[in-house]
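Trainee: Input data-v3.cif, format and content: mmCIF, C-alpha atoms and all ligand atoms.
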data_work
loop_
_atom_site.label_atom_id
_atom_site.label_comp_id
_atom_site.auth_asym_id
_atom_site.auth_seq_id
_atom_site.Cartn_x
_atom_site.Cartn_y
_atom_site.Cartn_z
CA MET O 1 38.49 -11.98 -21.90
CA GLY O 2 36.13 -14.21 -23.91
CA LYS O 3 32.41 -13.64 -24.19
CA LEU O 4 30.99 -12.10 -21.04
CA LYS O 5 28.76 -14.64 -19.25
CA LYS O 6 27.66 -13.02 -16.02
CA ILE O 7 27.67 -9.49 -14.62
CA GLY O 8 26.47 -7.78 -11.44
CA VAL O 9 24.74 -4.47 -10.84
CA LEU O 10 24.48 -2.38 -7.68
CA THR O 11 23.34 1.07 -6.55
CA SER O 12 25.49 2.95 -4.06
CA GLY O 13 25.61 6.24 -2.12
CA GLY O 14 22.61 8.57 -1.91
CA ASP O 15 19.64 7.29 -3.88
CA ALA O 16 18.37 9.25 -6.87
CA PRO O 17 15.14 9.05 -8.87
CA GLY O 18 15.91 7.15 -12.07
CA MET O 19 18.27 4.62 -10.48
CA ASN O 20 15.57 1.99 -10.98
CA ALA O 21 15.32 2.91 -14.65
CA ALA O 22 19.09 2.39 -14.95
CA VAL O 23 18.92 -0.98 -13.14
CA ARG O 24 16.11 -2.04 -15.45
CA ALA O 25 18.10 -1.05 -18.54
CA VAL O 26 21.20 -2.90 -17.34
CA VAL O 27 19.15 -6.04 -16.66
CA ARG O 28 17.26 -5.94 -19.94
CA THR O 29 20.42 -5.22 -21.96
CA ALA O 30 22.30 -8.11 -20.36
CA ILE O 31 19.42 -10.46 -21.12
CA TYR O 32 19.14 -9.11 -24.67
CA TYR O 33 22.79 -10.06 -25.24
CA ASP O 34 22.48 -13.41 -23.45
CA ILE O 35 24.46 -12.44 -20.37
CA GLU O 36 23.35 -13.55 -16.89
CA ILE O 37 22.66 -10.69 -14.54
CA VAL O 38 22.86 -10.59 -10.75
CA GLY O 39 21.62 -7.78 -8.50
CA VAL O 40 23.65 -6.85 -5.42
CA PHE O 41 21.67 -5.46 -2.49
CA GLN O 42 22.79 -2.43 -0.44
CA GLY O 43 25.66 -1.29 -2.59
CA PHE O 44 29.19 -2.41 -1.78
CA ASP O 45 28.03 -3.71 1.61
CA GLY O 46 26.03 -6.35 -0.28
CA LEU O 47 29.19 -7.53 -2.04
CA ILE O 48 30.77 -8.15 1.35
CA SER O 49 27.74 -9.83 2.94
CA ALA O 50 26.99 -11.75 -0.29
CA LYS O 51 23.50 -10.35 -0.78
CA PHE O 52 23.01 -11.44 -4.38
CA ILE O 53 19.87 -12.09 -6.37
CA ASP O 54 19.52 -13.51 -9.88
CA LEU O 55 17.53 -11.10 -12.01
CA ASP O 56 15.46 -11.62 -15.13
CA SER O 57 13.33 -9.37 -17.30
CA ARG O 58 10.33 -9.70 -15.02
CA SER O 59 12.34 -8.77 -11.90
CA VAL O 60 12.51 -5.25 -13.27
CA SER O 61 8.93 -4.90 -14.53
CA ASN O 62 7.10 -1.76 -13.43
CA ILE O 63 10.07 -0.05 -11.84
CA ILE O 64 10.95 2.53 -14.51
CA ASN O 65 8.45 4.91 -12.90
CA ARG O 66 9.54 4.34 -9.29
CA GLY O 67 11.87 6.55 -7.24
CA GLY O 68 14.45 5.08 -4.86
CA THR O 69 16.22 1.87 -5.78
CA ILE O 70 14.84 -1.68 -5.62
CA LEU O 71 18.40 -2.87 -4.93
CA LYS O 72 18.63 -0.55 -1.90
CA THR O 73 21.75 1.48 -1.32
CA ALA O 74 24.37 2.23 1.31
CA ARG O 75 27.52 4.21 1.92
CA SER O 76 29.82 1.33 2.79
CA GLU O 77 32.53 1.84 5.41
CA LYS O 78 33.66 -1.79 5.15
CA PHE O 79 34.42 -1.49 1.44
CA LYS O 80 36.89 1.28 2.29
CA THR O 81 39.08 -1.38 3.93
CA LYS O 82 41.31 -3.79 2.03
CA GLU O 83 39.91 -6.65 4.12
CA GLY O 84 36.34 -5.77 3.09
CA ARG O 85 37.27 -5.57 -0.58
CA LYS O 86 39.03 -8.96 -0.41
CA ILE O 87 35.82 -10.57 0.88
CA ALA O 88 33.82 -8.77 -1.80
CA HIS O 89 36.15 -10.07 -4.50
CA LYS O 90 35.93 -13.65 -3.24
CA ASN O 91 32.12 -13.45 -3.13
CA LEU O 92 32.00 -12.15 -6.71
CA LEU O 93 34.24 -14.98 -7.93
CA ASP O 94 32.13 -17.54 -6.03
CA GLN O 95 29.09 -16.23 -7.88
CA GLY O 96 30.87 -16.39 -11.23
CA ILE O 97 30.35 -12.65 -11.73
CA GLU O 98 32.89 -11.27 -14.19
CA ALA O 99 32.17 -7.53 -14.18
CA LEU O 100 30.24 -4.96 -12.19
CA VAL O 101 27.99 -2.00 -13.04
CA VAL O 102 28.11 0.60 -10.26
CA ILE O 103 25.34 3.21 -10.23
CA GLY O 104 26.19 6.06 -7.86
CA GLY O 105 28.24 9.20 -7.29
CA ASP O 106 31.92 10.02 -6.92
CA GLY O 107 32.34 8.11 -3.63
CA SER O 108 30.99 4.98 -5.32
CA PHE O 109 33.28 5.48 -8.31
CA THR O 110 36.26 5.86 -6.00
CA GLY O 111 35.44 2.45 -4.52
CA ALA O 112 34.91 0.92 -7.97
CA ARG O 113 38.21 2.27 -9.25
CA ILE O 114 40.24 1.00 -6.30
CA PHE O 115 38.53 -2.39 -6.64
CA GLU O 116 39.32 -2.65 -10.36
CA GLN O 117 42.95 -1.71 -9.73
CA GLU O 118 43.44 -4.09 -6.81
CA PHE O 119 41.84 -7.17 -8.32
CA ASN O 120 41.82 -6.40 -12.02
CA PHE O 121 38.04 -6.75 -11.77
CA PRO O 122 36.17 -4.82 -14.50
CA CYS O 123 33.88 -2.08 -13.17
CA ILE O 124 31.87 0.55 -15.02
CA GLY O 125 30.11 3.57 -13.53
CA ILE O 126 26.73 5.15 -14.22
CA PRO O 127 26.32 8.60 -12.61
CA GLY O 128 23.35 8.52 -10.23
CA THR O 129 23.07 11.47 -7.84
CA ILE O 130 20.67 14.38 -7.58
CA ASP O 131 23.59 16.79 -7.08
CA ASN O 132 24.76 16.75 -10.73
CA ASP O 133 28.30 17.20 -9.48
CA ILE O 134 30.10 14.58 -11.57
CA TYR O 135 32.64 15.43 -14.22
CA GLY O 136 32.22 13.76 -17.63
CA THR O 137 28.48 14.10 -18.06
CA ASP O 138 26.19 17.09 -18.58
CA PHE O 139 23.61 15.57 -16.26
CA THR O 140 23.45 12.86 -13.62
CA ILE O 141 20.46 10.59 -13.05
CA GLY O 142 18.03 12.16 -10.58
CA PHE O 143 19.00 15.79 -11.03
CA ASP O 144 16.12 16.69 -13.33
CA THR O 145 13.57 15.06 -11.03
CA ALA O 146 15.06 16.78 -7.98
CA VAL O 147 14.94 20.26 -9.51
CA ASN O 148 11.35 19.66 -10.60
CA THR O 149 10.50 18.66 -7.02
CA VAL O 150 12.11 21.89 -5.84
CA ILE O 151 10.24 24.12 -8.26
CA GLU O 152 6.91 22.54 -7.37
CA ALA O 153 7.56 23.32 -3.69
CA VAL O 154 8.92 26.81 -4.30
CA ASP O 155 5.99 27.79 -6.52
CA LYS O 156 3.71 26.98 -3.58
CA ILE O 157 5.87 28.91 -1.15
CA ARG O 158 5.84 31.88 -3.54
CA ASP O 159 2.02 32.06 -3.26
CA THR O 160 2.09 32.42 0.50
CA ALA O 161 5.23 34.60 0.47
CA SER O 162 3.58 37.17 -1.76
CA SER O 163 0.27 37.07 0.15
CA HIS O 164 2.07 37.94 3.40
CA ASP O 165 4.86 40.09 1.96
CA ARG O 166 7.38 37.67 3.43
CA PHE O 167 11.00 36.80 2.69
CA PHE O 168 11.68 33.11 2.33
CA PHE O 169 15.04 31.37 2.48
CA ILE O 170 14.59 27.95 0.92
CA GLU O 171 17.40 25.47 1.45
CA VAL O 172 17.97 22.85 -1.22
CA MET O 173 20.43 19.95 -1.36
CA GLY O 174 23.96 20.28 -2.65
CA ARG O 175 26.60 19.65 -0.02
CA ASP O 176 29.42 20.69 -2.32
CA SER O 177 27.69 21.95 -5.40
CA GLY O 178 25.20 24.60 -6.44
CA TYR O 179 23.60 22.91 -9.44
CA ILE O 180 20.23 22.22 -7.83
CA ALA O 181 20.12 25.74 -6.39
CA LEU O 182 21.14 27.42 -9.64
CA HIS O 183 18.78 25.56 -11.96
CA SER O 184 15.79 25.59 -9.63
CA GLY O 185 16.48 29.23 -8.71
CA ILE O 186 16.35 30.29 -12.34
CA ALA O 187 13.23 28.20 -12.95
CA CYS O 188 11.44 29.66 -9.91
CA GLY O 189 12.45 33.25 -10.57
CA ALA O 190 14.33 33.44 -7.27
CA GLU O 191 15.50 36.92 -6.25
CA LYS O 192 18.84 35.46 -5.16
CA ILE O 193 20.64 32.12 -5.39
CA MET O 194 23.37 31.26 -2.88
CA ILE O 195 25.78 28.47 -3.81
CA PRO O 196 28.95 26.89 -2.37
CA GLU O 197 31.02 27.87 -5.43
CA LEU O 198 30.73 31.63 -4.72
CA GLU O 199 32.24 33.72 -1.94
CA GLY O 200 30.99 36.92 -0.32
CA GLU O 201 27.41 36.04 -0.98
CA PHE O 202 25.92 37.67 2.12
CA GLU O 203 27.12 41.14 1.11
CA SER O 204 25.70 40.53 -2.33
CA LEU O 205 22.40 39.37 -0.79
CA VAL O 206 22.14 42.56 1.25
CA GLU O 207 22.64 44.60 -1.93
CA THR O 208 20.01 42.55 -3.78
CA LEU O 209 17.46 43.01 -1.00
CA LYS O 210 18.11 46.77 -0.82
CA GLU O 211 17.74 47.07 -4.59
CA GLY O 212 14.56 45.02 -4.47
CA THR O 213 13.09 47.29 -1.81
CA LYS O 214 13.87 50.31 -4.02
CA ARG O 215 12.03 48.58 -6.85
CA LYS O 216 9.06 48.03 -4.52
CA LYS O 217 9.46 44.28 -4.15
CA THR O 218 7.46 43.20 -1.15
CA SER O 219 8.38 39.53 -1.04
CA ASN O 220 11.54 37.61 -1.88
CA ILE O 221 12.54 34.03 -2.55
CA VAL O 222 16.17 33.18 -1.88
CA ILE O 223 17.37 29.69 -2.81
CA VAL O 224 20.26 28.50 -0.64
CA ALA O 225 22.34 25.40 -1.43
CA GLU O 226 22.94 23.49 1.80
CA GLY O 227 26.71 23.75 1.34
CA ASP O 228 26.81 27.50 0.74
CA GLN O 229 29.67 29.37 2.37
CA GLU O 230 27.44 31.39 4.74
CA GLY O 231 26.33 28.39 6.82
CA GLY O 232 22.97 27.43 5.35
CA ALA O 233 19.50 28.96 5.24
CA TYR O 234 18.93 29.32 9.01
CA GLU O 235 22.23 31.13 9.49
CA ILE O 236 21.58 33.49 6.59
CA ALA O 237 18.04 34.16 7.83
CA LYS O 238 19.47 35.06 11.26
CA LYS O 239 21.91 37.56 9.77
CA THR O 240 19.21 38.98 7.49
CA ARG O 241 16.87 39.60 10.43
CA ILE O 242 19.63 41.64 12.10
CA GLU O 243 20.35 43.61 8.91
CA PHE O 244 16.67 44.12 8.00
CA PRO O 245 14.59 43.97 11.24
CA GLU O 246 11.55 45.20 9.29
CA PHE O 247 11.42 42.03 7.10
CA ASP O 248 9.23 39.07 7.98
CA VAL O 249 11.77 36.30 7.35
CA LYS O 250 10.92 32.56 7.08
CA VAL O 251 12.99 29.46 6.36
CA THR O 252 11.99 26.22 4.60
CA VAL O 253 14.40 23.30 4.26
CA LEU O 254 13.27 20.96 1.50
CA GLY O 255 15.64 18.19 2.59
CA HIS O 256 15.10 14.61 1.49
CA THR O 257 11.85 15.33 -0.38
CA GLN O 258 14.30 16.11 -3.21
CA ARG O 259 15.63 12.56 -3.23
CA GLY O 260 12.30 10.82 -3.79
CA GLY O 261 9.48 10.71 -6.30
CA SER O 262 8.77 9.32 -9.70
CA PRO O 263 11.57 10.18 -12.16
CA THR O 264 10.92 12.68 -14.93
CA CYS O 265 10.90 11.70 -18.61
CA SER O 266 14.39 13.11 -18.99
CA ASP O 267 15.80 11.05 -16.10
CA ARG O 268 14.12 7.87 -17.32
CA VAL O 269 15.39 8.23 -20.89
CA MET O 270 18.91 9.18 -19.79
CA ALA O 271 19.09 6.33 -17.25
CA THR O 272 17.96 3.86 -19.90
CA ARG O 273 20.52 5.08 -22.42
CA MET O 274 23.29 4.89 -19.83
CA GLY O 275 22.27 1.41 -18.69
CA VAL O 276 22.36 0.04 -22.24
CA LYS O 277 25.71 1.68 -22.94
CA ALA O 278 27.29 0.40 -19.72
CA VAL O 279 26.60 -3.23 -20.60
CA GLU O 280 27.70 -2.72 -24.21
CA CYS O 281 30.99 -1.21 -22.97
CA LEU O 282 31.65 -4.20 -20.70
CA MET O 283 31.01 -6.52 -23.65
CA LEU O 284 33.77 -4.66 -25.52
CA ASN O 285 36.13 -5.08 -22.54
CA ARG O 286 35.79 -1.42 -21.79
CA SER O 287 35.87 -0.80 -18.03
CA ASN O 288 37.31 1.59 -15.45
CA VAL O 289 35.16 4.24 -17.11
CA MET O 290 31.92 6.07 -16.42
CA VAL O 291 29.13 6.45 -18.95
CA GLY O 292 27.93 10.01 -19.47
CA ILE O 293 25.82 12.23 -21.70
CA VAL O 294 27.55 15.21 -23.31
CA ASN O 295 25.68 17.40 -25.81
CA ASN O 296 23.08 14.63 -25.98
CA HIS O 297 25.68 12.08 -27.09
CA ILE O 298 26.43 9.04 -25.00
CA VAL O 299 30.13 9.07 -24.06
CA THR O 300 32.57 7.56 -21.59
CA CYS O 301 35.25 9.11 -19.44
CA SER O 302 37.80 7.44 -17.15
CA LEU O 303 36.69 6.83 -13.58
CA LEU O 304 39.77 8.77 -12.51
CA ASP O 305 38.59 11.89 -14.37
CA ALA O 306 35.05 11.46 -13.09
CA ILE O 307 36.38 11.43 -9.53
CA LYS O 308 39.26 13.91 -9.67
CA GLN O 309 37.91 16.60 -11.97
CA HIS O 310 35.04 18.85 -11.04
CA PRO O 311 32.37 20.11 -13.39
CA SER O 312 32.42 23.89 -13.47
CA LEU O 313 29.21 25.87 -13.20
CA ASN O 314 28.24 27.46 -16.46
CA PRO O 315 29.02 31.22 -16.11
CA GLU O 316 26.29 31.98 -18.63
CA LEU O 317 23.75 30.46 -16.22
CA LEU O 318 25.09 32.59 -13.37
CA ASN O 319 24.70 35.66 -15.53
CA VAL O 320 21.20 34.66 -16.60
CA ALA O 321 20.23 34.16 -12.96
CA LEU O 322 21.52 37.64 -12.10
CA ILE O 323 19.84 39.44 -14.99
CA ALA O 324 16.51 37.66 -14.72
CA SER O 325 16.15 38.37 -10.99
CA THR O 326 16.31 42.17 -11.21
O1 LIG X 1 22.40 12.76 -2.83
C1 LIG X 1 23.33 13.76 -2.60
C2 LIG X 1 23.01 14.43 -1.33
O2 LIG X 1 21.67 14.71 -1.45
C3 LIG X 1 23.71 15.70 -0.88
O3 LIG X 1 23.32 16.88 -1.50
C4 LIG X 1 23.40 15.69 0.60
O4 LIG X 1 24.26 16.46 1.35
C5 LIG X 1 23.53 14.25 0.93
O5 LIG X 1 23.22 13.54 -0.25
C6 LIG X 1 22.72 13.81 2.09
O6 LIG X 1 22.52 12.44 2.04
P1 LIG X 1 22.30 11.47 3.26
O7 LIG X 1 21.28 12.11 4.11
O8 LIG X 1 21.84 10.22 2.63
O9 LIG X 1 23.62 11.32 3.92
#
Please render this file's structure as structure tokens.

Mentor:
Amino acid sequence: MGKLKKIGVLTSGGDAPGMNAAVRAVVRTAIYYDIEIVGVFQGFDGLISAKFIDLDSRSVSNIINRGGTILKTARSEKFKTKEGRKIAHKNLLDQGIEALVVIGGDGSFTGARIFEQEFNFPCIGIPGTIDNDIYGTDFTIGFDTAVNTVIEAVDKIRDTASSHDRFFFIEVMGRDSGYIALHSGIACGAEKIMIPELEGEFESLVETLKEGTKRKKTSNIVIVAEGDQEGGAYEIAKKTRIEFPEFDVKVTVLGHTQRGGSPTCSDRVMATRMGVKAVECLMLNRSNVMVGIVNNHIVTCSLLDAIKQHPSLNPELLNVALIAST
């Protein structure tokens, strides 16, 4: 391929604070290197319905601080079909777009990888999801903001929990992964953290609560990842009420509050670094990869690894969580 002339950028899957910072960096980097840049609305759906917009430096002014995504996002069913991808490819060619930056999670990377293979169309991924469940990067865009949103909420709940001697089960996001629960649980001093990666957690919870009572704890905060193996915060609260009828048990589900809000410094800086790197990789004909941050170095890993491999929870963090909650 000769010099890259025109690229596209889209955001896909669940939104994450910092996606706008990544879009901004992609746009500004393209312009810096004299490459035309086109935004695609609503993720892969926008490729199929040809929702394109030419972007310039000013199109991305004042968005680095904004949550959500100015390009909007979607989980596209149509793009999962060969027919949908064919239309998307034709629309990209009609626009003269030669490569695509996909900001999203593993579902989005799966789509990008299939698309690159089918049409030999260069795609590069930037990990944007609050769940932090992508292999090949220490952190994903939006995770830091999400855990900070959680700790702000839990700190407030802790005030009322201790005033009333209550037990709170607080459910956080993480359909398949316990990163948000583990990090926010440590940061909030939770008495117990329940995550999808661990089995037999209810028995362990019962032990923790008994121990706590012996140590004269009168209130407890338990952080539950939505995908935990016991069925979520309401289910665990129900079982706990049966086991400990004397406890005053409450449930709070933080839900989509975790997906919004102004990104933290860390998310903004990381998103900017990843956006710059993604465009620079495409300029070097490097595609079918995802940009990541490992030990504070910007790296790439194949889209296949990003999709197929799973980041493992740091056992040291699990141990820290256990020790610090006693
Ligand atoms: O962004 C990731 C995630 O927050 C998961 O933890 C959660 O299960 C899912 O997205 C819910 O997203 P939506 O409501 O958009 O389907």

Trainee: When the cut-off is 10 Å and you count all atoms listed in the file, which residues lie near ligand LIG 1 (chain X), shown as JSON, numbers by chain?

Mentor: {"O": [13, 14, 15, 16, 73, 74, 75, 104, 105, 128, 129, 130, 131, 132, 133, 142, 143, 146, 172, 173, 174, 175, 176, 177, 178, 179, 180, 225, 226, 227, 255, 256, 257, 258, 259]}

Trainee: Using only C-alpha atoms, collect all residues at a distance of at most 10 Å from (30.3, 5.5, -3.5) as written in the file, then present them as a list in words.

Mentor: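 Those residues, ordered by chain and then number, are Thr11, Ser12, Gly13, Gly14, Gly43, Phe44, Thr73, Ala74, Arg75, Ser76, Glu77, Phe79, Lys80, Val102, Ile103, Gly104, Gly105, Asp106, Gly107, Ser108, Phe109, Thr110, Gly111 and Ala112 of chain O.
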
Trainee: Next, dump the selected residues to file, keeping only C-alpha atoms, as a CSV table (one decimal), in the coordinates of the input.

Mentor:
chain,number,residue,atom,x,y,z
O,11,THR,CA,23.3,1.1,-6.6
O,12,SER,CA,25.5,3.0,-4.1
O,13,GLY,CA,25.6,6.2,-2.1
O,14,GLY,CA,22.6,8.6,-1.9
O,43,GLY,CA,25.7,-1.3,-2.6
O,44,PHE,CA,29.2,-2.4,-1.8
O,73,THR,CA,21.8,1.5,-1.3
O,74,ALA,CA,24.4,2.2,1.3
O,75,ARG,CA,27.5,4.2,1.9
O,76,SER,CA,29.8,1.3,2.8
O,77,GLU,CA,32.5,1.8,5.4
O,79,PHE,CA,34.4,-1.5,1.4
O,80,LYS,CA,36.9,1.3,2.3
O,102,VAL,CA,28.1,0.6,-10.3
O,103,ILE,CA,25.3,3.2,-10.2
O,104,GLY,CA,26.2,6.1,-7.9
O,105,GLY,CA,28.2,9.2,-7.3
O,106,ASP,CA,31.9,10.0,-6.9
O,107,GLY,CA,32.3,8.1,-3.6
O,108,SER,CA,31.0,5.0,-5.3
O,109,PHE,CA,33.3,5.5,-8.3
O,110,THR,CA,36.3,5.9,-6.0
O,111,GLY,CA,35.4,2.4,-4.5
O,112,ALA,CA,34.9,0.9,-8.0

Trainee: With only C-alpha atoms as the counted atoms, please give the residues lying no more than 8 Å from region 33-35 of chain O, apart from itself and same-chain residues fewer than 2 positions off, as a list in words.

Mentor: Leu4, Lys5, Lys6, Ile7, Thr29, Ala30, Ile31 and Ile37 of chain O

Trainee: Could you work out how far CA of Asp228 (chain O) lies from CA of Val291 (chain O), giving the answer in Å with one decimal?

Mentor: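 One can read the CA of Val291 (chain O) to CA of Asp228 (chain O) distance as 28.9 Å.
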
Trainee: From the options O:Gln42, O:Ser266, O:Thr213, O:Thr69, which residue's atoms come nearest to Ile141 (chain O), counting all atoms listed in the file?

Mentor: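 Comparing O:Gln42, O:Ser266, O:Thr213, O:Thr69 against Ile141 (chain O), the winner is O:Ser266.
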
Trainee: Under the rule that all atoms listed in the file are counted, which of O:Asp305, O:Asp248, O:Glu316, O:Asp94 is the nearest residue to Leu182 (chain O)?

Mentor: O:Glu316

Trainee: To one decimal in Å, tell me the separation between CA of Asn65 (chain O) and CA of Val299 (chain O).

Mentor: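 Separation of CA of Asn65 (chain O) and CA of Val299 (chain O): 24.7 Å.
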
Trainee: How many Å lie between CA of Ser204 (chain O) and CA of Ser163 (chain O), rounded to one decimal?

Mentor: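 Pair CA of Ser204 (chain O) / CA of Ser163 (chain O) returns 25.8 Å.
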
Trainee: Can you list, as a VMD selection string, every protein, DNA or RNA residue that comes within 9 Å of region 21-23 of chain O when you count only C-alpha atoms, leaving out same-chain residues fewer than 3 positions away?

Mentor: chain O and resid 9 to 11 17 to 18 26 to 28 39 60 63 to 67 69 to 71 103 126 128 141 263 267 to 276

Trainee: Can I get the selected residues back with C-alpha atoms, as a PDB file, keeping the file's coordinate frame?

Mentor:
ATOM      1  CA  VAL O   9      24.740  -4.470 -10.840  1.00  0.00           C
ATOM      2  CA  LEU O  10      24.480  -2.380  -7.680  1.00  0.00           C
ATOM      3  CA  THR O  11      23.340   1.070  -6.550  1.00  0.00           C
ATOM      4  CA  PRO O  17      15.140   9.050  -8.870  1.00  0.00           C
ATOM      5  CA  GLY O  18      15.910   7.150 -12.070  1.00  0.00           C
ATOM      6  CA  VAL O  26      21.200  -2.900 -17.340  1.00  0.00           C
ATOM      7  CA  VAL O  27      19.150  -6.040 -16.660  1.00  0.00           C
ATOM      8  CA  ARG O  28      17.260  -5.940 -19.940  1.00  0.00           C
ATOM      9  CA  GLY O  39      21.620  -7.780  -8.500  1.00  0.00           C
ATOM     10  CA  VAL O  60      12.510  -5.250 -13.270  1.00  0.00           C
ATOM     11  CA  ILE O  63      10.070  -0.050 -11.840  1.00  0.00           C
ATOM     12  CA  ILE O  64      10.950   2.530 -14.510  1.00  0.00           C
ATOM     13  CA  ASN O  65       8.450   4.910 -12.900  1.00  0.00           C
ATOM     14  CA  ARG O  66       9.540   4.340  -9.290  1.00  0.00           C
ATOM     15  CA  GLY O  67      11.870   6.550  -7.240  1.00  0.00           C
ATOM     16  CA  THR O  69      16.220   1.870  -5.780  1.00  0.00           C
ATOM     17  CA  ILE O  70      14.840  -1.680  -5.620  1.00  0.00           C
ATOM     18  CA  LEU O  71      18.400  -2.870  -4.930  1.00  0.00           C
ATOM     19  CA  ILE O 103      25.340   3.210 -10.230  1.00  0.00           C
ATOM     20  CA  ILE O 126      26.730   5.150 -14.220  1.00  0.00           C
ATOM     21  CA  GLY O 128      23.350   8.520 -10.230  1.00  0.00           C
ATOM     22  CA  ILE O 141      20.460  10.590 -13.050  1.00  0.00           C
ATOM     23  CA  PRO O 263      11.570  10.180 -12.160  1.00  0.00           C
ATOM     24  CA  ASP O 267      15.800  11.050 -16.100  1.00  0.00           C
ATOM     25  CA  ARG O 268      14.120   7.870 -17.320  1.00  0.00           C
ATOM     26  CA  VAL O 269      15.390   8.230 -20.890  1.00  0.00           C
ATOM     27  CA  MET O 270      18.910   9.180 -19.790  1.00  0.00           C
ATOM     28  CA  ALA O 271      19.090   6.330 -17.250  1.00  0.00           C
ATOM     29  CA  THR O 272      17.960   3.860 -19.900  1.00  0.00           C
ATOM     30  CA  ARG O 273      20.520   5.080 -22.420  1.00  0.00           C
ATOM     31  CA  MET O 274      23.290   4.890 -19.830  1.00  0.00           C
ATOM     32  CA  GLY O 275      22.270   1.410 -18.690  1.00  0.00           C
ATOM     33  CA  VAL O 276      22.360   0.040 -22.240  1.00  0.00           C
TER      34      VAL O 276
END

Trainee: Up to 8 Å from (28.2, 12.9, -23.0) in the file's coordinates: name the residues, counting only C-alpha atoms, as a list in words.

Mentor: Gly136, Thr137, Asp138, Val291, Gly292, Ile293, Val294, Asn295, Asn296, His297, Ile298, Val299 and Thr300 of chain O

Trainee: Quick one: residues within 6 Å of Val38 (chain O), only C-alpha atoms, excluding same-chain residues fewer than 6 positions away - as a PyMOL selection string?

Mentor: chain O and resi 8+53-55

Trainee: Near Lys250 (chain O), counting all atoms listed in the file, which residues have an atom at most 7 Å away, once you skip same-chain residues fewer than 2 positions from it, shown as a list in words?

Mentor: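 Using all atoms listed in the file, the neighbours found are Phe167, Phe168, Phe169, Asp248 and Thr252 of chain O.
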
Trainee: Show which residues sit within 12 Å of region 113-120 of chain O, as a PyMOL selection string. Count all atoms listed in the file, and ignore same-chain residues fewer than 6 positions away.

Mentor: chain O and resi 1+44+47+79-90+92-93+98-102+106-107+287-290+302-308

Trainee: Go ahead and save the residues from that selection, with C-alpha atoms, as a PDB file, in the coordinates of the input.

Mentor:
ATOM      1  CA  MET O   1      38.490 -11.980 -21.900  1.00  0.00           C
ATOM      2  CA  PHE O  44      29.190  -2.410  -1.780  1.00  0.00           C
ATOM      3  CA  LEU O  47      29.190  -7.530  -2.040  1.00  0.00           C
ATOM      4  CA  PHE O  79      34.420  -1.490   1.440  1.00  0.00           C
ATOM      5  CA  LYS O  80      36.890   1.280   2.290  1.00  0.00           C
ATOM      6  CA  THR O  81      39.080  -1.380   3.930  1.00  0.00           C
ATOM      7  CA  LYS O  82      41.310  -3.790   2.030  1.00  0.00           C
ATOM      8  CA  GLU O  83      39.910  -6.650   4.120  1.00  0.00           C
ATOM      9  CA  GLY O  84      36.340  -5.770   3.090  1.00  0.00           C
ATOM     10  CA  ARG O  85      37.270  -5.570  -0.580  1.00  0.00           C
ATOM     11  CA  LYS O  86      39.030  -8.960  -0.410  1.00  0.00           C
ATOM     12  CA  ILE O  87      35.820 -10.570   0.880  1.00  0.00           C
ATOM     13  CA  ALA O  88      33.820  -8.770  -1.800  1.00  0.00           C
ATOM     14  CA  HIS O  89      36.150 -10.070  -4.500  1.00  0.00           C
ATOM     15  CA  LYS O  90      35.930 -13.650  -3.240  1.00  0.00           C
ATOM     16  CA  LEU O  92      32.000 -12.150  -6.710  1.00  0.00           C
ATOM     17  CA  LEU O  93      34.240 -14.980  -7.930  1.00  0.00           C
ATOM     18  CA  GLU O  98      32.890 -11.270 -14.190  1.00  0.00           C
ATOM     19  CA  ALA O  99      32.170  -7.530 -14.180  1.00  0.00           C
ATOM     20  CA  LEU O 100      30.240  -4.960 -12.190  1.00  0.00           C
ATOM     21  CA  VAL O 101      27.990  -2.000 -13.040  1.00  0.00           C
ATOM     22  CA  VAL O 102      28.110   0.600 -10.260  1.00  0.00           C
ATOM     23  CA  ASP O 106      31.920  10.020  -6.920  1.00  0.00           C
ATOM     24  CA  GLY O 107      32.340   8.110  -3.630  1.00  0.00           C
ATOM     25  CA  SER O 287      35.870  -0.800 -18.030  1.00  0.00           C
ATOM     26  CA  ASN O 288      37.310   1.590 -15.450  1.00  0.00           C
ATOM     27  CA  VAL O 289      35.160   4.240 -17.110  1.00  0.00           C
ATOM     28  CA  MET O 290      31.920   6.070 -16.420  1.00  0.00           C
ATOM     29  CA  SER O 302      37.800   7.440 -17.150  1.00  0.00           C
ATOM     30  CA  LEU O 303      36.690   6.830 -13.580  1.00  0.00           C
ATOM     31  CA  LEU O 304      39.770   8.770 -12.510  1.00  0.00           C
ATOM     32  CA  ASP O 305      38.590  11.890 -14.370  1.00  0.00           C
ATOM     33  CA  ALA O 306      35.050  11.460 -13.090  1.00  0.00           C
ATOM     34  CA  ILE O 307      36.380  11.430  -9.530  1.00  0.00           C
ATOM     35  CA  LYS O 308      39.260  13.910  -9.670  1.00  0.00           C
TER      36      LYS O 308
END
